[in-house]
>>> print(open('query.txt').read())   # compact mmCIF, C-alpha atoms and all ligand atoms
# COMPACT_ATOMS: atom_id res chain seq x y z
CA MET A 469 266.92 146.42 277.26
CA HIS A 470 266.70 147.54 273.67
CA ARG A 471 263.92 148.96 271.66
CA ASP A 472 263.50 148.79 267.94
CA HIS A 473 261.75 151.92 266.82
CA GLY A 474 260.79 150.54 263.50
CA GLY A 475 261.08 151.79 260.03
CA GLY A 476 261.70 155.50 259.92
CA GLY A 477 259.44 158.44 259.27
CA SER A 478 257.44 160.44 261.74
CA GLY A 479 254.13 159.15 260.36
CA LEU A 480 251.64 161.79 261.42
CA ALA A 481 248.32 160.62 262.75
CA THR A 482 245.20 161.46 260.83
CA GLY A 483 241.53 161.83 261.64
CA ALA A 484 239.87 159.77 264.36
CA LEU A 485 238.83 162.81 266.38
CA SER A 486 235.22 161.99 265.64
CA SER A 487 235.55 158.49 267.08
CA PRO A 488 233.06 157.58 269.82
CA ALA A 489 236.10 156.69 271.87
CA SER A 490 237.51 160.20 271.83
CA GLY A 491 238.68 161.32 275.24
CA GLY A 492 241.91 161.42 277.21
CA ARG A 493 245.03 159.36 276.68
CA PRO A 494 244.99 156.20 274.56
CA ALA A 495 243.55 153.08 276.11
CA ARG A 496 246.11 150.32 276.65
CA ILE A 497 245.10 146.69 276.30
CA GLY A 498 247.55 143.88 277.08
CA ILE A 499 247.45 140.60 275.14
CA GLY A 500 249.04 137.77 277.13
CA GLY A 501 249.09 133.97 277.14
CA PRO A 502 251.32 131.03 276.34
CA VAL A 503 253.70 130.97 273.37
CA GLY A 504 251.92 129.94 270.19
CA SER A 505 248.34 130.47 271.39
CA GLY A 506 247.70 133.09 268.70
CA LYS A 507 248.46 136.44 270.36
CA THR A 508 250.23 137.95 267.34
CA ALA A 509 247.54 136.59 265.03
CA LEU A 510 244.90 138.23 267.24
CA VAL A 511 246.78 141.55 267.31
CA ALA A 512 247.10 141.46 263.50
CA GLU A 513 243.39 140.75 263.06
CA LEU A 514 242.35 143.47 265.52
CA CYS A 515 244.58 145.97 263.72
CA ARG A 516 243.15 144.95 260.38
CA THR A 517 239.53 145.28 261.50
CA LEU A 518 239.86 148.32 263.79
CA ALA A 519 242.27 150.53 261.88
CA ASP A 520 239.44 152.37 260.11
CA GLU A 521 237.74 153.18 263.40
CA LEU A 522 240.57 153.78 265.85
CA GLU A 523 244.00 155.37 265.83
CA LEU A 524 246.14 152.37 266.74
CA GLY A 525 249.61 151.58 267.97
CA VAL A 526 251.23 148.26 268.93
CA VAL A 527 254.05 147.30 271.30
CA THR A 528 255.42 143.76 271.02
CA ASN A 529 257.66 141.94 273.50
CA ASP A 530 260.16 139.23 272.56
CA ILE A 531 263.11 137.97 274.57
CA TYR A 532 265.94 138.42 272.07
CA THR A 533 264.33 139.36 268.78
CA SER A 534 261.67 141.61 267.32
CA GLU A 535 260.06 138.76 265.42
CA ASP A 536 256.45 139.59 266.30
CA ALA A 537 256.88 143.25 265.31
CA GLU A 538 258.48 142.15 262.04
CA PHE A 539 255.60 139.76 261.39
CA LEU A 540 253.10 142.59 261.94
CA ARG A 541 255.06 144.96 259.71
CA ARG A 542 255.25 142.33 256.97
CA ALA A 543 251.52 141.72 257.32
CA ALA A 544 251.13 145.49 256.78
CA VAL A 545 248.26 145.70 259.23
CA LEU A 546 249.51 149.13 260.36
CA ASP A 547 252.14 151.59 259.21
CA SER A 548 255.43 150.23 260.48
CA GLU A 549 256.18 153.30 262.61
CA ARG A 550 253.08 152.49 264.67
CA ILE A 551 254.65 149.18 265.78
CA LEU A 552 257.42 149.17 268.40
CA ALA A 553 259.31 146.12 269.64
CA VAL A 554 260.63 145.74 273.17
CA GLU A 555 263.42 143.17 273.45
CA THR A 556 263.05 142.13 277.04
CA GLY A 557 266.32 140.18 277.33
CA CYS A 558 264.77 138.49 280.34
CA CYS A 559 261.84 136.41 281.42
CA PRO A 560 258.91 137.85 279.41
CA HIS A 561 256.60 138.34 282.34
CA THR A 562 259.19 140.48 284.17
CA ALA A 563 258.85 143.14 281.46
CA ILE A 564 255.07 143.30 281.70
CA ARG A 565 254.70 143.00 285.45
CA ASP A 566 257.82 143.69 287.56
CA ASP A 567 259.99 146.14 285.61
CA ILE A 568 257.64 147.71 283.09
CA THR A 569 259.95 150.64 282.27
CA ALA A 570 260.87 149.54 278.73
CA ASN A 571 257.21 148.99 277.90
CA LEU A 572 256.19 152.34 279.37
CA ASP A 573 258.95 153.98 277.32
CA ALA A 574 257.61 152.32 274.16
CA VAL A 575 254.04 153.40 274.95
CA GLY A 576 255.30 156.95 275.61
CA GLU A 577 257.21 156.96 272.32
CA LEU A 578 254.07 155.98 270.40
CA GLU A 579 252.06 158.66 272.20
CA THR A 580 254.69 161.23 271.22
CA ARG A 581 254.74 160.12 267.60
CA PHE A 582 250.96 160.04 267.20
CA ALA A 583 249.11 162.74 269.08
CA HIS A 584 245.65 161.26 268.51
CA LEU A 585 246.25 157.62 269.38
CA GLU A 586 243.19 155.94 270.86
CA LEU A 587 244.36 152.39 271.49
CA ILE A 588 247.73 150.78 272.13
CA LEU A 589 247.86 146.99 272.10
CA VAL A 590 250.75 145.54 274.14
CA GLU A 591 251.56 141.91 273.28
CA SER A 592 253.49 140.00 275.95
CA GLY A 593 256.42 137.79 275.03
CA GLY A 594 254.39 134.69 275.78
CA ASP A 595 255.19 132.57 278.74
CA ASN A 596 253.13 130.18 280.78
CA LEU A 597 249.77 130.37 282.49
CA THR A 598 250.98 132.63 285.28
CA ALA A 599 252.11 135.68 283.27
CA THR A 600 249.88 138.67 283.80
CA PHE A 601 250.32 142.39 283.15
CA SER A 602 250.75 145.10 285.75
CA TYR A 603 247.80 147.48 285.74
CA GLY A 604 250.46 150.19 285.83
CA LEU A 605 251.12 149.27 282.19
CA VAL A 606 247.68 148.35 280.79
CA ASP A 607 244.06 149.23 281.52
CA ARG A 608 242.67 145.83 280.54
CA GLN A 609 244.20 142.47 279.78
CA VAL A 610 243.19 139.74 277.38
CA PHE A 611 244.53 136.25 278.02
CA VAL A 612 244.78 133.98 274.97
CA ILE A 613 244.92 130.19 275.27
CA ASP A 614 244.28 127.66 272.53
CA VAL A 615 242.37 124.42 272.40
CA ALA A 616 245.46 122.49 271.28
CA GLY A 617 247.02 123.25 274.67
CA GLY A 618 244.44 120.87 276.17
CA ASP A 619 240.84 121.28 277.25
CA LYS A 620 241.85 121.09 280.92
CA VAL A 621 243.52 124.52 280.87
CA PRO A 622 240.48 126.57 282.02
CA ARG A 623 239.90 124.11 284.88
CA LYS A 624 243.53 124.34 286.00
CA GLY A 625 243.12 128.08 286.41
CA GLY A 626 246.04 130.40 287.12
CA PRO A 627 245.86 134.18 287.18
CA GLY A 628 245.62 134.63 283.40
CA VAL A 629 242.62 132.31 283.18
CA THR A 630 240.88 133.49 286.32
CA ARG A 631 241.60 137.22 286.48
CA SER A 632 242.06 138.48 282.90
CA ASP A 633 239.39 140.94 281.74
CA LEU A 634 238.73 138.77 278.68
CA LEU A 635 239.70 135.13 278.16
CA VAL A 636 240.06 134.13 274.51
CA VAL A 637 240.09 130.41 273.72
CA ASN A 638 241.58 130.34 270.22
CA LYS A 639 242.00 127.73 267.48
CA VAL A 640 238.52 126.23 267.85
CA ASP A 641 239.03 124.95 264.30
CA LEU A 642 241.48 122.44 265.80
CA ALA A 643 239.04 121.14 268.45
CA PRO A 644 237.89 118.09 266.43
CA LEU A 645 241.51 117.21 265.59
CA VAL A 646 242.75 117.28 269.18
CA GLY A 647 239.54 116.01 270.77
CA ALA A 648 238.98 119.17 272.82
CA ASP A 649 235.59 119.46 274.52
CA LEU A 650 234.61 123.12 273.99
CA SER A 651 231.47 122.98 276.14
CA MET A 652 233.49 121.66 279.07
CA MET A 653 236.04 124.44 278.53
CA ALA A 654 233.22 127.01 278.52
CA LYS A 655 231.73 125.59 281.73
CA ASP A 656 235.10 125.43 283.52
CA ALA A 657 235.97 128.97 282.41
CA ALA A 658 232.62 130.30 283.66
CA GLU A 659 233.19 128.62 287.04
CA ARG A 660 236.68 130.09 287.37
CA ARG A 661 235.85 133.54 286.03
CA GLY A 662 232.46 134.48 287.42
CA ASP A 663 231.15 137.45 285.41
CA ARG A 664 234.31 137.98 283.36
CA PRO A 665 233.75 137.12 279.69
CA THR A 666 235.22 134.19 277.76
CA MET A 667 235.15 134.12 273.95
CA PHE A 668 235.90 131.20 271.62
CA THR A 669 237.69 132.09 268.39
CA SER A 670 239.50 130.85 265.38
CA VAL A 671 241.52 133.89 264.45
CA ARG A 672 242.67 132.09 261.34
CA HIS A 673 239.12 131.48 260.11
CA GLY A 674 237.55 134.67 261.48
CA ILE A 675 235.32 132.75 263.91
CA GLY A 676 234.24 134.70 267.01
CA MET A 677 236.23 137.78 266.02
CA ASP A 678 233.21 140.12 265.84
CA ALA A 679 232.58 139.64 269.55
CA VAL A 680 236.24 140.29 270.42
CA ARG A 681 236.28 143.37 268.25
CA ARG A 682 233.11 144.73 269.88
CA TRP A 683 234.52 144.04 273.35
CA VAL A 684 237.68 145.99 272.48
CA LEU A 685 235.67 148.95 271.12
CA ASP A 686 233.44 149.05 274.22
CA GLU A 687 236.42 148.89 276.57
CA VAL A 688 238.28 151.61 274.69
CA THR A 689 235.22 153.86 274.96
CA SER A 690 234.89 153.33 278.70
CA ILE A 691 238.63 153.56 279.47
CA ARG A 692 238.94 156.83 277.57
CA ALA A 693 235.80 158.29 279.11
CA VAL A 694 237.22 157.64 282.58
CA ALA A 695 240.64 159.01 281.56
CA ALA A 696 239.05 162.16 280.10
CA ALA A 697 237.11 162.79 283.32
CA HIS A 698 240.33 162.95 285.37
N1 LIG B 701 244.70 126.47 263.27
C1 LIG B 701 244.85 127.71 263.75
N2 LIG B 701 246.08 128.24 263.84
C2 LIG B 701 246.21 129.49 264.35
C3 LIG B 701 245.09 130.24 264.77
N3 LIG B 701 245.54 131.43 265.26
C4 LIG B 701 246.88 131.41 265.14
N4 LIG B 701 247.28 130.24 264.58
C5 LIG B 701 248.66 129.82 264.25
O1 LIG B 701 249.33 129.51 265.46
C6 LIG B 701 250.72 129.82 265.33
C7 LIG B 701 251.14 130.73 266.48
O2 LIG B 701 250.45 131.97 266.35
P1 LIG B 701 251.04 133.32 266.94
O3 LIG B 701 250.01 134.37 266.70
O4 LIG B 701 252.40 133.56 266.43
O5 LIG B 701 251.13 132.95 268.50
P2 LIG B 701 251.76 133.77 269.72
O6 LIG B 701 253.07 133.12 270.07
O7 LIG B 701 250.77 133.59 270.82
O8 LIG B 701 251.88 135.20 269.29
C8 LIG B 701 250.89 130.47 263.99
O9 LIG B 701 251.37 129.47 263.09
C9 LIG B 701 249.50 130.91 263.61
O10 LIG B 701 249.28 130.98 262.23
C10 LIG B 701 243.78 129.65 264.63
O11 LIG B 701 242.75 130.23 264.98
N5 LIG B 701 243.74 128.38 264.13
MG MG B 702 253.51 136.53 269.37
>>> encode(input="query.txt", output="structure tokens")
Amino acid sequence: MHRDHGGGGSGLATGALSSPASGGRPARIGIGGPVGSGKTALVAELCRTLADELELGVVTNDIYTSEDAEFLRRAAVLDSERILAVETGCCPHTAIRDDITANLDAVGELETRFAHLELILVESGGDNLTATFSYGLVDRQVFVIDVAGGDKVPRKGGPGVTRSDLLVVNKVDLAPLVGADLSMMAKDAAERRGDRPTMFTSVRHGIGMDAVRRWVLDEVTSIRAVAAAH
């Protein structure tokens, strides 16, 4: 497994000690879901809208490339040395669930580079509906599906849909074009997920992103409070 440590420089962290989320180690939130559902777009948008409030780092996973990391660097949502790419060289879910060593190394490298990190987002390589993160790697996981994948997906279930801490149904702007029934998706998701939240977004058009952003901030606060108490 190879890691791309990004574009040079030690990039010292600044500020953020006054954040409400101050506490122990950085919170780690995994972003999983099928290829093309909008995971990288969501990571970019979260970085863009949270960077003033939180000290952020990102780890991306791709099978043979560092395409997602390069996209994020080009989008300039964070300094490039805050973005690390893990090239899994294997089935993407293996690297986030079975052998998480390369991802833990990347997280550790970010923590070494930036002493005051508060949140590390770990994007999975994108697989199918069964890929979930080990809780040895992340504290919470977000599962991203999109309406173009079919409005039956929440009903079909699978561990990402049923057990993720937050389910994001993205690309609602495409619902009229693909004939997706959003209210049925919401009802099916609620049945499968019990109390766990589901949010409908169009990352591209900024729809629903305030709620996702607030959820992330609340989770970071509670994760770091627990970590600080131990
Ligand atoms: N129409 C629409 N396209 C989106 C939205 N979010 C992401 N996309 C597009 O979907 C494609 C895949 O997105 P990406 O973030 O790379 O997906 P990933 O494979 O899950 O990381 C890209 O062309 C994005 O621009 C959205 O809310 N609406
Ligand atoms: Mg991606």
>>> atom_distance(input="query.txt", atom1="CA of Ala543 in chain A", atom2="CA of Glu579 in chain A")
22.6 Å
>>> atom_distance(input="query.txt", atom1="atom MG of ligand MG 702 (chain B)", atom2="CA of Thr528 in chain A")
7.7 Å
>>> atom_distance(input="query.txt", atom1="CA of Arg631 in chain A", atom2="CA of Thr666 in chain A")
11.2 Å
>>> residues_near_ligand(input="query.txt", ligand="ligand MG 702 (chain B)", cutoff="8 Å", atoms="only C-alpha atoms and all ligand atoms", output="PyMOL selection string")
chain A and resi 503-504+506-509+528-530+535-536+591-594
>>> axis_aligned_box(input="query.txt", around="range 635-645 of chain A", padding_each_side="4 Å", output="JSON")
{"center_x": 239.9, "center_y": 126.2, "center_z": 271.2, "size_x": 12.1, "size_y": 25.9, "size_z": 21.9}
>>> residues_near_ligand(input="query.txt", ligand="ligand LIG 701 (chain B)", cutoff="9 Å", atoms="all atoms listed in the file", output="PyMOL selection string")
chain A and resi 499-512+536+539+591-595+612-614+616+638-642+669-675
